[in-house]
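**Student:** Take a look at the following structure, please.
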Amino acid sequence: MSTTSQPVYTLINECHDCYKCIRECPVKAIKVENGHASVIREKCISCGNCVKVCPCNAKRVRSDIDIAKNLIIAKKDIYVSLAPSWHAAFSCSDSEIIAALKKLGFGHVSETALGAQEVSIKTAEILNGAERGLFISSACPVIVNYIRQYKPEFAENITPIASPALTHAKMLKKMFGENIAVVFIGPCVGKKNESDDNKDLIDASLTFEELKLWMEDEFVEIQPVRDPADYFFEPCVANEGSLYPIDGGMNRTINRIGVKDNVTLIEIASLKAFEHALSTMRPDDCEQILFVEALACEGGCIAGPCVSSAKSAISLAAEVIVNEKKRNEIPKIPSVVVDMTYSPIKKEIKTYSFDMLSETLKKLGKYTPEDELNCGGCGYNTCRGLAKAIIDGEAEISMCVSYMRKTALQKASVMIRCMPSAVVMIDADFRILEANNAFIRMFAGEMSEIFESEGISGASLDRIVDFTDIFRTVFKSGRETHKEHYAIGDRLYDITAFLLEKDKAAGAIITDVTKIEMNREKIARKAHEVISKNISIVQEIACLLGEHMVETETLLSSIADGYDK
């Protein structure tokens with residue numbers, strides 16, 4: 001299956017091993033291979049967290065714009081099911097957003113909130129008919145996916161009705177014919193799963209971000225219309241259902257419908273909080289009737305992964321409340337219901353033997369429980385969580401930050417220790433932070449054996465060497481300093497000193513060049529002797545050549561004179 005067929009996928013070339021997506025993924029549905037993270041479709045609940053937090057924009061939401069365009073090209077009678085959270089994404093009036101959608105080619109625009117109202121009525125009916133038990137709302141597809149996959153024991157507690165979007169689609173088809181096409185537009189990635197699984201009701205699901213991109217491509221702008229009355233939601237405007245995108249909005253509508261006194265309504269708007277709430281609970285714990293309005297996004301749908309707004313969450317929530325159109329009386333019986341059964345999604349239960357975990361932890365440098373830092377730098381909450389992911393082929397050893405740091409330090413230490421040149425690092429107080437054996441042998445003298453066995457860290461530099469003035473220059477100037485043929489006693493050194501951290505640490509590489517310079521002097525003396533001898537010989541040759549030239553010239557002159565006569 002193509003990665004782009006998933007609601008969320010990764011642009012591999014844009015992914016840079018930061019592991020932020022793993023940290024933010026509530027179900028760890030991310031696989032890292034060759035340093036790049038990809039989404040595991042079977043584990044993903046399409047919450048969109050990874051899309052929101054990816055610093056490189058490598059996590060993307062699948063675009064279904066082409067599906068919607070093809071419906072328009074096919075001249076389908078298309079109804080938009082517009083999520084009530086559109087007020088968070090677009091600052092405009094009802095008529096202006098409807099006009100913009102119709103310019104794109106959609107025939108009709110309706111509010112998903114109409115379906116939400118039917119869901120609230122049916123939910124109130126279910127609660128009023130119950131004697132006891134836990135009920136969890138089915139409005140949020142991410143919550144539903146999470147329960148079915150990761151809390152399957154609570155699957156039977158999901159209210160047995162479809163989401164507002166599916167209910168609204170059913171309502172539109174009931175009113176305007178089964179042959180109409182329905183395109184949902186909202187803030188949610190999870191709705192793409194919902195439309196994929198229910199093509200008989202929803203033909204395509206677009207996000208607000210997709211809608212904005214499409215409008216930009218088609219040069220469609222949201223602007224005032226001449227006659228707002230010509231642009232209206234069909235078949236009518238929604239009322240209390242428009243509260244659904246805010247935290248507690250569904251419970252407000254249920255309260256207005258009316259439920260028995262022994263019905264308790266609570267709301268949880270955060271997948272993390274919802275997971276925590278279920279962690280110490282069993283499905284049959286409730287003696288009363290408890291209804292949980294559960295939304296995956298903190299703050300509700302107005303804070304969905306595909307909503308971008310400069311407004312604060314409080315302002316957006318207030319705007320939703322202000323835009324609600326109240327009705328005097330709410331029906332007690334729903335006009336449309338889509339019955340839905342939510343069964344657990346069977347998953348392979350994996351077991352990890354003690355030996356498997358131990359071996360993998362050792363590869364990570366974790367030999368004892370004390371070595372398991374559980375720092376979370378890899379994206380997993382614990383070192384054992386990372387080890388299990390490595391065993392499953394979903395993670396790599398290089399993801400362990402502490403292990404890689406330790407390995408890098410060990411390699412650097414070995415390299416420095418084996419260098420023939422002396423290396424020393426000091427702090428601002430001229431205390432040695434680290435030095436290799438070559439440094440100790442060059443300058444520690446009688447203390448060499450002690451320093452090599454016990455270490456030289458902490459020793460005062462000025463008690464060991466006579467060139468601390470070079471480091472003072474480096475700390476003061478902040479620039480690298482190089483000294484050639486620096487004389488210390490009867491030895492000559494090339495010294496390169498440099499800043500490691502401003503005002504805190506400096507280092508130096510020191511090479512003993514005494515033998516090299518002595519060899520140079522010997523070579524120079526020998527060369528001088530050879531050159532001197534050669535000069536004498538050349539001078540003698542020049543003299544001889546000079547005498548012969550005079551004789552030759554005299555002879556040739558006499559011969560020439562003879563020819564002239």
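In the structure tokens, chains take the letters A, B, ... in the order shown, each chain's residues start at 1, and ligands count up from 1 in the order shown.
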If you run DSSP on the backbone here, which positions in segment 175-227 of chain A get strand (DSSP E)? Please write them as a ChimeraX atom specification.
**Tutor:** /A:181-186,204-207
**Student:** List the spatial neighbours of segment 353-358 of chain A as a PyMOL selection string - criterion: any atom at most 12 Å away, only C-alpha atoms, same-chain residues fewer than 6 positions off excluded.
**Tutor:** chain A and resi 364-369+372+383-392
**Student:** Can those selected residues be exported to a file as a JSON list (two decimals), in the first residue's frame so that it contains N, CA and C atoms?
**Tutor:**
```json
[["chain", "number", "residue", "atom", "x", "y", "z"],
["A", 364, "LEU", "N", 22.47, -1.35, 24.36],
["A", 364, "LEU", "CA", 22.28, 0.08, 24.62],
["A", 364, "LEU", "C", 23.16, 0.57, 25.76],
["A", 365, "GLY", "N", 24.03, -0.31, 26.25],
["A", 365, "GLY", "CA", 24.90, 0.06, 27.36],
["A", 365, "GLY", "C", 24.21, 0.06, 28.71],
["A", 366, "LYS", "N", 23.08, -0.65, 28.80],
["A", 366, "LYS", "CA", 22.31, -0.72, 30.06],
["A", 366, "LYS", "C", 22.51, -2.10, 30.68],
["A", 367, "TYR", "N", 23.48, -2.20, 31.57],
["A", 367, "TYR", "CA", 23.81, -3.50, 32.17],
["A", 367, "TYR", "C", 23.12, -3.71, 33.51],
["A", 368, "THR", "N", 22.74, -2.63, 34.16],
["A", 368, "THR", "CA", 22.05, -2.72, 35.45],
["A", 368, "THR", "C", 20.84, -1.78, 35.43],
["A", 369, "PRO", "N", 19.88, -1.99, 36.35],
["A", 369, "PRO", "CA", 18.74, -1.06, 36.40],
["A", 369, "PRO", "C", 19.16, 0.39, 36.59],
["A", 372, "GLU", "N", 19.58, 2.39, 33.40],
["A", 372, "GLU", "CA", 18.37, 2.76, 32.67],
["A", 372, "GLU", "C", 17.90, 4.14, 33.12],
["A", 383, "CYS", "N", 13.67, 3.10, 28.95],
["A", 383, "CYS", "CA", 14.69, 2.38, 28.18],
["A", 383, "CYS", "C", 14.16, 1.03, 27.72],
["A", 384, "ARG", "N", 13.31, 0.42, 28.55],
["A", 384, "ARG", "CA", 12.74, -0.87, 28.18],
["A", 384, "ARG", "C", 11.73, -0.70, 27.04],
["A", 385, "GLY", "N", 11.05, 0.44, 27.01],
["A", 385, "GLY", "CA", 10.15, 0.71, 25.89],
["A", 385, "GLY", "C", 10.91, 0.79, 24.58],
["A", 386, "LEU", "N", 12.09, 1.45, 24.61],
["A", 386, "LEU", "CA", 12.94, 1.52, 23.43],
["A", 386, "LEU", "C", 13.45, 0.13, 23.06],
["A", 387, "ALA", "N", 13.86, -0.65, 24.07],
["A", 387, "ALA", "CA", 14.37, -2.00, 23.81],
["A", 387, "ALA", "C", 13.31, -2.86, 23.12],
["A", 388, "LYS", "N", 12.07, -2.77, 23.57],
["A", 388, "LYS", "CA", 10.99, -3.55, 22.95],
["A", 388, "LYS", "C", 10.78, -3.11, 21.50],
["A", 389, "ALA", "N", 10.85, -1.79, 21.26],
["A", 389, "ALA", "CA", 10.68, -1.28, 19.89],
["A", 389, "ALA", "C", 11.82, -1.75, 18.99],
["A", 390, "ILE", "N", 13.03, -1.85, 19.54],
["A", 390, "ILE", "CA", 14.17, -2.35, 18.77],
["A", 390, "ILE", "C", 13.95, -3.81, 18.40],
["A", 391, "ILE", "N", 13.47, -4.59, 19.37],
["A", 391, "ILE", "CA", 13.18, -6.00, 19.11],
["A", 391, "ILE", "C", 12.12, -6.14, 18.02],
["A", 392, "ASP", "N", 11.13, -5.24, 18.03],
["A", 392, "ASP", "CA", 10.05, -5.28, 17.03],
["A", 392, "ASP", "C", 10.47, -4.72, 15.68]]
```
**Student:** Within 6 Å of Ser137 of chain A, counting only C-alpha atoms, which residues qualify if same-chain residues fewer than 5 places away don't, as a ChimeraX atom specification?
**Tutor:** /A:158-159,293
**Student:** Against segment 32-43 of chain A, which residues of segment 116-184 of chain A fall within 12 Å? For each one I want the closest pair of atoms and the distance in Å (one decimal), counting only C-alpha atoms, rows by chain and increasing residue number, as a Markdown table.
**Tutor:**
```
| residue | atom | partner | partner_atom | distance |
| --- | --- | --- | --- | --- |
| A:Asn145 | CA | A:Lys43 | CA | 9.7 |
| A:Tyr146 | CA | A:Lys43 | CA | 9.4 |
| A:Arg148 | CA | A:Lys43 | CA | 11.1 |
| A:Gln149 | CA | A:Lys43 | CA | 7.8 |
| A:Tyr150 | CA | A:Lys43 | CA | 9.2 |
```
**Student:** Show me, as a list in words, the residues that have an atom within 12 Å of Pro420 of chain A when counting only C-alpha atoms, minus same-chain residues fewer than 4 positions from it.
**Tutor:**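 Surrounding residues, per the criterion: Met415, Ile416, Asn436, Asn437, Ala438, Phe439, Ile440, Arg441, Met442, Ile509, Ile510, Thr511, Asp512 and Val513 of chain A.
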**Student:** Give me the residues within 8 Å of segment 463-465 of chain A as a list in words, counting only C-alpha atoms and dropping any in the same chain fewer than 2 places off.
**Tutor:**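 Answer for this query is Phe443, Ala444, Ser460, Leu461, Phe467 and Thr468 of chain A.
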**Student:** Those same residues, written as a short mmCIF file (atom, residue, chain, number, x, y, z; two decimals), in the first residue's frame with N, CA, C and O atoms?
**Tutor:**
```
data_model
loop_
_atom_site.label_atom_id
_atom_site.label_comp_id
_atom_site.auth_asym_id
_atom_site.auth_seq_id
_atom_site.Cartn_x
_atom_site.Cartn_y
_atom_site.Cartn_z
N PHE A 443 55.62 16.31 30.13
CA PHE A 443 55.77 17.40 31.10
C PHE A 443 55.67 17.01 32.58
O PHE A 443 56.03 17.81 33.43
N ALA A 444 55.17 15.83 32.89
CA ALA A 444 54.94 15.50 34.31
C ALA A 444 56.18 15.01 35.03
O ALA A 444 56.19 14.94 36.26
N SER A 460 46.85 21.41 38.89
CA SER A 460 47.07 22.79 38.48
C SER A 460 48.07 22.83 37.33
O SER A 460 49.17 22.28 37.44
N LEU A 461 47.71 23.47 36.23
CA LEU A 461 48.55 23.47 35.03
C LEU A 461 49.88 24.16 35.27
O LEU A 461 50.92 23.67 34.80
N PHE A 467 54.09 27.36 30.18
CA PHE A 467 53.53 28.20 29.10
C PHE A 467 52.05 28.55 29.35
O PHE A 467 51.26 28.62 28.43
N THR A 468 51.69 28.79 30.61
CA THR A 468 50.31 29.19 30.91
C THR A 468 49.96 30.55 30.32
O THR A 468 48.79 30.88 30.14
#
```
**Student:** Go through A:Ala88, A:Ala155, A:Ala74, A:Ile65 one by one, measure the shortest atom-to-atom distance of each to Lys311 of chain A using only C-alpha atoms, and give the residue with the smallest value.
**Tutor:**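 Residue with the minimum atom-to-atom distance to Lys311 of chain A: A:Ala88.
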**Student:** Find the spatial neighbours of segment 212-221 of chain A, counting only C-alpha atoms, within a cut-off of 8 Å - ignore same-chain residues fewer than 6 positions away - and output them as a short mmCIF file (atom, residue, chain, number, x, y, z; two decimals) with C-alpha atoms, in the first residue's frame.
**Tutor:**
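The new file selection.cif reads:
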```
data_model
loop_
_atom_site.label_atom_id
_atom_site.label_comp_id
_atom_site.auth_asym_id
_atom_site.auth_seq_id
_atom_site.Cartn_x
_atom_site.Cartn_y
_atom_site.Cartn_z
CA ILE A 65 -8.60 17.41 -2.96
CA ALA A 100 -16.34 30.65 -1.45
CA LYS A 103 -16.97 29.14 -6.32
CA LEU A 104 -14.89 25.99 -5.99
#
```
